[in-house]
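Data block below; observations after.
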Amino acid sequence: MSAVAYELLSTTAVISTVFQFLSGAMICRKYIQKKSTGDSSGVPFICGILSCSFWLRYGVLTEEQSIVLVNIIGSTLFLIYTLIYYIFTVNKRAFVRQFAFVLAVLIAVLVYTNRLEDQRDEMIRITGIFCCIVTVCFFAAPLATLLHVIRAKNSESLPLPLIATSFLVSLQWLIYGILISDSFIQIPNFLGCLLSMLQLSLFVVYPPRSYSGQGYKLVEQAVPF
């Protein structure tokens, strides 16, 4: 692939991912309008900070500017979303506990990997493993919804626009990972492509009875890099 094509891929991947991150802005807008978070969970926002922070660290260690850029933006956005959620949630104490736990995990990993400063390859490997684990956990989150769709034989609850976007973003980063021969980028995004394709196939097998279900309204799901 030529240098121009490579730059085009990395640029479009960054732009697509940022637009995906911005889906949280629609959710926060609803919180502000209603002055309440209702029954929704703030965990996706907190985990978004964790995921983007890990990938930002990985991008810095591997000197991949595209990874660094997209996750600086992602970390900032998810921090803003988290603050908005905190302002409007009734159960602030539980939310703070969740945030503290994720922050503790992030700090623990950073402290541990910093001790490997003299072993840069190992430092990158350990950070990459944690990035993969967090990202795969995010991709596994919709599995419960998939089971519900299969039982109900109706894909109405699945957010088609978000799933299609997730497939596109995962595919772009998968190709990017292949081009730079980075398995830590390839593996989670390959799984993301598979999961997105599985969800898209359900629209064919179990067509939605209408397009007014929850999946076509407010999508309360944050998608990581």
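As shown in the structure tokens, the chain order sets the letters A, B, ...; within each chain, residues go from 1, and ligands are also counted from 1 in the order they appear.
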Contacts of Ser10 (chain A) at 12 Å or less, counting only C-alpha atoms, minus same-chain residues fewer than 3 places along, as an MDAnalysis selection string? chainID A and resid 3:7 13:17 64:70 169 171:177 179:180
Considering only helix (DSSP H, G or I) as DSSP defines it on the backbone, what residues of region 25-205 of chain A qualify? List them as a VMD selection string. chain A and resid 25 to 34 43 to 62 65 to 88 92 to 114 120 to 140 143 to 152 160 to 179 183 to 205
Env of region 50-63 of chain A: 7 Å cut, atoms = only C-alpha atoms, seq-sep filter 6 positions within chain, self excluded. Answer as a ChimeraX atom specification. /A:71-72,74-75,102,106,124,127-128,131,134-135,224-225
Residue with the minimum atom-to-atom distance to Phe130 (chain A), picked from A:Ala25, A:Val109, A:Ala164, A:Leu158 with only C-alpha atoms counted, is A:Val109
